[in-house]
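Pasted below: work.txt, compact mmCIF, C-alpha atoms.
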# COMPACT_ATOMS: atom_id res chain seq x y z
CA GLY A 1 59.30 158.85 111.69
CA PRO A 2 62.08 157.93 114.05
CA LEU A 3 63.50 160.83 116.04
CA SER A 4 67.10 160.62 114.90
CA GLU A 5 66.19 160.72 111.16
CA ARG A 6 63.93 163.77 111.25
CA PRO A 7 65.21 167.10 109.95
CA LEU A 8 65.61 169.89 112.49
CA MET A 9 62.54 171.83 111.35
CA GLU A 10 60.23 168.95 112.21
CA VAL A 11 61.56 168.38 115.72
CA ARG A 12 59.33 169.75 118.47
CA LEU A 13 60.82 171.91 121.22
CA GLY A 14 60.35 169.28 123.91
CA GLU A 15 62.25 166.69 121.90
CA LEU A 16 65.15 168.99 121.04
CA HIS A 17 67.35 167.66 123.83
CA THR A 18 66.99 164.03 122.74
CA TRP A 19 67.43 165.03 119.12
CA ILE A 20 70.75 166.72 119.87
CA SER A 21 71.87 163.64 121.79
CA THR A 22 71.28 161.48 118.74
CA CYS A 23 73.37 163.78 116.55
CA ASN A 24 76.69 162.63 115.14
CA PHE A 25 79.32 165.17 116.27
CA SER A 26 82.37 163.58 114.66
CA PRO A 27 84.08 165.52 111.85
CA GLN A 28 82.47 163.30 109.23
CA GLY A 29 79.11 163.74 110.89
CA LEU A 30 79.43 167.53 111.01
CA LEU A 31 80.66 167.62 107.43
CA GLY A 32 77.74 165.45 106.39
CA ALA A 33 75.30 167.74 108.21
CA VAL A 34 76.78 170.84 106.53
CA GLN A 35 76.64 169.11 103.16
CA LYS A 36 73.03 168.11 103.66
CA ALA A 37 72.01 171.63 104.75
CA TRP A 38 73.77 173.23 101.79
CA SER A 39 72.30 170.80 99.26
CA SER A 40 68.76 171.22 100.65
CA TYR A 41 69.13 175.03 100.50
CA CYS A 42 70.37 174.82 96.91
CA ALA A 43 67.58 172.47 95.89
CA LYS A 44 64.96 174.73 97.41
CA TYR A 45 66.08 178.21 96.33
CA ILE A 46 68.71 177.98 93.58
CA HIS A 47 68.12 174.94 91.34
CA VAL A 48 64.70 176.03 90.13
CA ARG A 49 63.41 176.99 86.72
CA ARG A 50 62.30 180.50 87.60
CA GLY A 51 64.17 181.70 90.64
CA GLY A 52 64.29 185.31 91.76
CA PRO A 53 66.67 187.43 93.81
CA ALA A 54 65.72 185.48 96.93
CA GLY A 55 68.28 182.72 96.53
CA ILE A 56 71.42 184.86 96.50
CA SER A 57 70.08 187.73 98.61
CA MET A 58 69.60 185.41 101.57
CA LEU A 59 73.19 184.23 101.19
CA LEU A 60 74.45 187.82 101.03
CA ALA A 61 72.40 188.84 104.06
CA GLY A 62 73.75 185.89 105.97
CA TYR A 63 77.27 186.89 104.93
CA CYS A 64 76.70 190.49 106.12
CA LEU A 65 75.35 189.29 109.44
CA PHE A 66 78.20 186.85 109.91
CA SER A 67 80.87 189.46 109.14
CA TYR A 68 79.16 191.97 111.54
CA VAL A 69 79.23 189.37 114.30
CA TRP A 70 82.84 188.50 113.53
CA ASN A 71 83.94 192.13 113.79
CA TYR A 72 81.68 193.02 116.75
CA GLN A 73 84.50 193.66 119.23
CA HIS A 74 86.06 196.20 116.84
CA LEU A 75 82.72 197.81 115.99
CA LYS A 76 81.83 198.17 119.68
CA GLN A 77 84.44 200.87 119.94
CA GLN A 78 82.46 203.16 117.59
CA ARG A 79 79.45 203.45 119.86
CA TRP A 80 77.82 206.86 120.30
CA ARG A 81 77.11 206.56 124.01
CA LYS A 82 79.05 204.84 126.70
CA TYR A 83 76.12 203.78 128.92
CA HIS A 84 72.91 202.22 127.66
CA LEU B 1 63.39 138.24 69.95
CA ARG B 2 61.91 138.78 73.37
CA ALA B 3 59.43 135.99 72.67
CA LEU B 4 62.25 133.44 72.51
CA PRO B 5 63.26 132.06 75.90
CA PRO B 6 66.76 133.32 76.73
CA PRO B 7 69.50 130.75 77.13
CA VAL B 8 70.15 129.83 80.71
CA ALA B 9 73.65 131.30 80.98
CA VAL B 10 72.51 134.71 79.72
CA GLY B 11 69.61 134.83 82.17
CA VAL B 12 71.92 134.07 85.07
CA LEU B 13 74.24 136.89 84.07
CA HIS B 14 71.44 139.41 83.79
CA THR B 15 69.97 138.85 87.22
CA THR B 16 73.20 139.99 88.86
CA ARG B 17 72.91 143.46 87.29
CA PRO B 18 69.44 144.97 87.70
CA LEU B 19 68.39 147.39 85.02
CA HIS B 20 66.68 150.74 85.58
CA ALA B 21 63.67 149.27 87.29
CA THR B 22 64.30 149.84 91.00
CA GLN B 23 63.47 153.06 92.81
CA GLN B 24 67.08 153.99 93.42
CA SER B 25 68.13 154.28 89.80
CA LEU B 26 69.52 157.62 88.67
CA ALA B 27 67.39 157.88 85.56
CA PRO B 28 65.00 159.37 84.68
CA VAL B 29 65.99 162.51 86.56
CA PRO B 30 62.93 164.36 87.97
CA PRO B 31 62.40 167.77 86.35
CA LEU B 32 63.41 170.95 88.19
CA PRO B 33 60.66 172.61 90.26
CA GLU B 34 59.03 175.58 88.59
CA LYS B 35 59.43 178.11 91.39
CA GLY B 36 61.67 178.23 94.44
CA GLY B 37 60.57 178.49 98.02
CA GLU B 38 58.48 181.57 98.82
CA VAL B 39 60.50 184.42 100.30
CA ARG B 40 59.00 187.65 101.59
CA HIS B 41 60.78 190.96 100.97
CA GLY B 42 63.58 188.95 99.39
CA LEU B 43 65.07 188.03 102.75
CA ILE B 44 62.80 186.06 105.04
CA PRO B 45 61.36 182.68 103.99
CA GLU B 46 57.61 182.28 104.11
CA GLU B 47 57.94 179.37 106.54
CA PHE B 48 58.84 181.84 109.29
CA PHE B 49 55.60 183.77 108.82
CA GLN B 50 53.59 180.52 108.74
CA PHE B 51 55.38 179.38 111.86
CA LEU B 52 54.27 182.47 113.81
CA TYR B 53 50.80 182.79 112.28
CA PRO B 54 48.86 180.49 114.66
CA LYS B 55 50.05 182.30 117.76
CA THR B 56 50.38 185.93 116.65
CA GLY B 57 48.33 186.33 113.48
CA VAL B 58 49.50 188.27 110.45
CA THR B 59 51.29 191.18 112.16
CA GLY B 60 53.30 189.00 114.53
CA PRO B 61 56.55 188.72 112.56
CA TYR B 62 56.49 192.46 111.74
CA MET B 63 56.08 193.38 115.40
CA LEU B 64 58.88 190.97 116.22
CA GLY B 65 61.08 192.58 113.57
CA THR B 66 60.33 196.12 114.75
CA GLY B 67 60.92 195.26 118.39
CA LEU B 68 64.16 193.51 117.57
CA LEU B 69 65.38 196.45 115.50
CA LEU B 70 64.58 198.97 118.22
CA TYR B 71 66.28 196.83 120.82
CA LEU B 72 69.41 196.47 118.72
CA LEU B 73 69.54 200.20 118.02
CA SER B 74 68.81 201.35 121.54
CA LYS B 75 71.31 199.08 123.20
CA GLU B 76 73.75 199.87 120.37
CA ILE B 77 74.32 196.24 119.63
CA TYR B 78 74.03 197.48 116.07
CA VAL B 79 76.25 200.57 115.84
CA VAL B 80 75.26 203.32 113.39
CA ASN B 81 78.37 204.56 111.62
CA HIS B 82 79.59 205.41 108.13
CA GLU B 83 79.11 201.83 107.04
CA THR B 84 75.40 202.13 107.76
CA ALA B 85 75.09 205.02 105.31
CA ALA B 86 77.08 203.13 102.70
CA ALA B 87 74.94 200.04 103.20
CA ALA B 88 71.74 202.06 102.86
CA CYS B 89 72.90 203.60 99.56
CA ILE B 90 74.05 200.27 98.17
CA LEU B 91 70.79 198.63 99.18
CA ALA B 92 68.76 201.38 97.51
CA VAL B 93 70.71 201.02 94.28
CA ILE B 94 70.40 197.24 94.31
CA VAL B 95 66.66 197.30 94.93
CA TYR B 96 66.15 199.88 92.17
CA GLY B 97 68.24 197.83 89.76
CA ILE B 98 66.38 194.62 90.50
CA LYS B 99 62.98 196.28 90.21
CA LYS B 100 63.88 197.83 86.87
CA PHE B 101 65.96 195.20 85.08
CA GLY B 102 64.72 192.06 86.78
CA PRO B 103 62.11 190.95 84.24
CA ASP B 104 64.43 191.52 81.26
CA VAL B 105 67.25 189.48 82.76
CA ALA B 106 64.75 186.79 83.72
CA ALA B 107 63.44 186.64 80.14
CA PHE B 108 66.99 186.40 78.76
CA ALA B 109 67.92 183.60 81.14
CA ASP B 110 64.67 181.82 80.30
CA LYS B 111 65.51 182.06 76.62
CA LEU B 112 68.94 180.52 77.19
CA ASN B 113 67.36 177.75 79.18
CA GLU B 114 64.76 177.17 76.49
CA GLU B 115 67.46 176.77 73.86
CA LYS B 116 69.37 174.28 75.96
CA VAL B 117 66.24 172.30 76.68
CA ALA B 118 65.24 172.44 73.01
CA THR B 119 68.56 170.98 71.85
CA ALA B 120 68.38 168.26 74.49
CA VAL B 121 64.79 167.41 73.57
CA ALA B 122 65.71 167.37 69.89
CA MET B 123 68.51 164.94 70.59
CA LYS B 124 66.20 162.78 72.65
CA ASN B 125 63.57 162.76 69.91
CA GLU B 126 66.15 161.93 67.31
CA ALA B 127 67.43 159.05 69.40
CA ILE B 128 63.87 157.81 69.90
CA GLN B 129 63.29 158.07 66.15
CA THR B 130 66.39 156.10 65.26
CA LEU B 131 65.46 153.46 67.79
CA GLN B 132 61.94 153.27 66.37
CA THR B 133 63.26 152.76 62.85
CA ALA B 134 65.67 150.17 64.23
CA ILE B 135 62.73 148.36 65.86
CA GLU B 136 60.81 148.41 62.59
CA GLU B 137 63.81 147.11 60.68
CA GLU B 138 64.16 144.34 63.24
CA LYS B 139 60.49 143.40 62.90
CA LYS B 140 60.90 143.32 59.14
CA GLU B 141 63.87 141.04 59.50
CA GLN B 142 61.81 138.77 61.72
CA TRP B 143 59.08 138.71 59.09
CA ARG B 144 61.69 137.86 56.49
CA VAL B 145 62.87 134.96 58.58
CA GLU B 146 59.45 133.35 58.10
CA GLY B 147 60.16 133.13 54.39
CA ARG B 148 63.02 130.78 55.03
CA SER B 149 61.07 127.72 53.88
CA TYR B 150 60.34 129.27 50.47
CA LEU B 151 63.97 130.14 50.06
CA PHE B 152 65.05 126.62 50.84
CA ASP B 153 62.45 125.14 48.50
CA ALA B 154 63.71 127.34 45.69
CA LYS B 155 67.26 126.32 46.45
CA ARG B 156 66.30 122.67 46.52
CA ASN B 157 64.59 123.06 43.14
CA ASN B 158 67.65 124.73 41.74
CA ILE B 159 69.88 121.93 42.89
CA ALA B 160 67.53 119.28 41.51
CA MET B 161 67.52 121.05 38.17
CA LEU B 162 71.29 121.22 38.13
CA LEU B 163 71.54 117.52 38.86
CA GLU B 164 69.00 116.72 36.15
CA ALA B 165 70.84 118.88 33.60
CA ASN B 166 74.14 117.25 34.48
CA TYR B 167 72.65 113.79 34.19
CA ARG B 168 71.18 114.48 30.79
CA GLU B 169 74.42 115.99 29.56
CA ARG B 170 76.30 112.87 30.50
CA LEU B 171 73.61 110.69 28.96
CA LEU B 172 74.03 112.62 25.69
CA MET B 173 77.80 112.20 25.86
CA VAL B 174 77.43 108.46 26.37
CA TYR B 175 75.05 108.23 23.43
CA ASN B 176 77.41 110.16 21.19
CA GLU B 177 80.39 108.06 22.11
CA VAL B 178 78.54 104.81 21.57
CA LYS B 179 77.20 106.06 18.23
CA LYS B 180 80.71 107.02 17.16
CA ARG B 181 81.99 103.53 17.91
CA LEU B 182 79.11 101.83 16.10
CA ASP B 183 79.56 104.11 13.08
CA TYR B 184 83.18 103.14 12.99
CA GLN B 185 82.28 99.48 12.89
CA VAL B 186 79.73 100.07 10.12
CA ALA B 187 82.22 102.10 8.12
CA MET B 188 84.79 99.33 8.49
CA GLN B 189 82.36 96.75 7.19
CA THR B 190 81.30 98.80 4.14
CA LEU B 191 84.89 99.55 3.34
CA LYS B 192 85.80 95.89 3.51
CA ARG B 193 82.89 94.89 1.27
CA GLN B 194 83.75 97.60 -1.22
CA LYS B 195 87.34 96.53 -1.36
CA GLU B 196 86.33 92.94 -1.85
CA GLN B 197 83.97 93.96 -4.67
CA ASP B 198 86.60 96.03 -6.41
CA TYR B 199 89.15 93.30 -6.16
CA MET B 200 86.72 90.72 -7.49
CA ILE B 201 85.79 92.86 -10.50
CA GLN B 202 89.40 93.55 -11.20
CA TRP B 203 90.25 89.84 -11.01
CA VAL B 204 87.38 88.90 -13.28
CA GLU B 205 88.42 91.51 -15.84
CA LYS B 206 92.05 90.37 -15.72
CA ASN B 207 91.04 86.75 -16.25
CA VAL B 208 88.69 87.59 -19.11
CA VAL B 209 91.37 89.66 -20.83
CA GLN B 210 93.85 86.84 -20.35
CA SER B 211 91.42 84.30 -21.75
CA ILE B 212 91.05 86.14 -25.02
CA THR B 213 93.53 84.08 -27.19
CA PRO B 214 94.97 85.47 -30.41
CA GLN B 215 92.76 83.01 -32.39
CA GLN B 216 89.63 84.38 -30.91
CA GLN B 217 90.91 87.91 -31.52
CA LYS B 218 91.30 87.28 -35.26
CA GLU B 219 87.86 85.66 -35.53
CA SER B 220 86.20 88.53 -33.70
CA ILE B 221 87.92 91.16 -35.86
CA ALA B 222 86.79 89.32 -39.12
CA LYS B 223 83.26 89.13 -37.78
CA CYS B 224 83.32 92.80 -37.00
CA ILE B 225 84.49 93.65 -40.54
CA LEU B 226 81.65 91.51 -42.02
CA ASP B 227 79.18 93.23 -39.80
CA LEU B 228 80.44 96.63 -40.84
CA LYS B 229 80.17 95.72 -44.56
CA ALA B 230 76.58 94.57 -44.08
CA LEU B 231 75.80 97.73 -42.24
CA SER B 232 77.36 99.90 -44.90
CA LYS B 233 75.30 98.10 -47.53
CA SER B 234 72.12 98.68 -45.69
CA ALA B 235 73.10 102.31 -45.16
CA HIS B 236 73.81 102.76 -48.90
CA ALA B 237 70.40 101.22 -49.63
CA ALA B 238 68.68 103.52 -47.24
CA VAL B 239 70.23 106.58 -48.86
Transcribe the structure of this file into structure tokens.
Amino acid sequence: GPLSERPLMEVRLGELHTWISTCNFSPQGLLGAVQKAWSSYCAKYIHVRRGGPAGISMLLAGYCLFSYVWNYQHLKQQRWRKYH
Amino acid sequence: LRALPPPVAVGVLHTTRPLHATQQSLAPVPPLPEKGGEVRHGLIPEEFFQFLYPKTGVTGPYMLGTGLLLYLLSKEIYVVNHETAAAACILAVIVYGIKKFGPDVAAFADKLNEEKVATAVAMKNEAIQTLQTAIEEEKKEQWRVEGRSYLFDAKRNNIAMLLEANYRERLLMVYNEVKKRLDYQVAMQTLKRQKEQDYMIQWVEKNVVQSITPQQQKESIAKCILDLKALSKSAHAAV
């Protein structure tokens, strides 16, 4: 299909630059992209007949990772060695 | 009713509002997928492993994970502190809980779902049933409509009979009235004749009585006495 309408997973590495240039970076565009990503995640892992722990566990892992990254400057002070 | 051609105005109205026939309609909603996307170890989607399989084979992602972990630990980008111990304990408890109680909770949730689906399906079936009976009723009504001609014939016969009965009633009334008038005339005539007869008889009697003069009366009485004497003589002789 046309380059601008393809989802990110189906874009090849060489075409990434052009794909980003066709993106819509206005607030509505970003909001729309976030909405689309969230709804596709929900449709794939949460709104199923027999889901497992996978749906929420991925969200929790992402939350842990995000909070670690957010607090990295504070956590850096608890290192065991000064030079690596 | 669908066989009848719709009136023009109704057809025009309907074309402006398409029914559930196009692809973009919201109904019927497609059913939920049976299973979600495949996830390995509960954290990493299967697509990642498939993505790396052509280049690195089966062990590629695991080597990547191990290398990444060692790098993060050795450079202390991931710092090991009290939170690490807490996280390890929590993770162990969570994994044990899921392994032990997972199937039971899944069965319970499935049961809840089944009940919801069962009520919805029951409602749908009931609606379909009522609509079916409505369709049959409608067909029956259409069949009844074909009997219209018989109904109208019966009604026409009824009306004809009523008219006939009315006509004959009035005919009878006319006959009675005419008969009454003619009887009256006949009665008048007989009465008149009777009165004339009576009067005539009376007049004749009056004249006869008047015409009997005293002379005649004496002669008739003497004759009667003679007759009586003769009779008495003959009676004596007989005895």
Checklist entry - chain A residues within 10 Å of chain B, counting all atoms listed in the file: which ones, as a ChimeraX atom specification? => result /A:41-62,68-69,72,75-84
Could you work out an axis-aligned box for range 68-75 of chain A, taking every atom the file lists and adding 5 Å on each side, and report centre and edge lengths in Å to one decimal, as AutoDock Vina command-line options?
--center_x 82.6 --center_y 193.2 --center_z 115.4 --size_x 16.9 --size_y 19.3 --size_z 17.7
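Put simply, CA of Val145 in chain B is 22.4 Å away from CA of Thr130 in chain B.
Take CA of Thr56 in chain B and CA of Leu68 in chain B: the distance between them is 15.8 Å.
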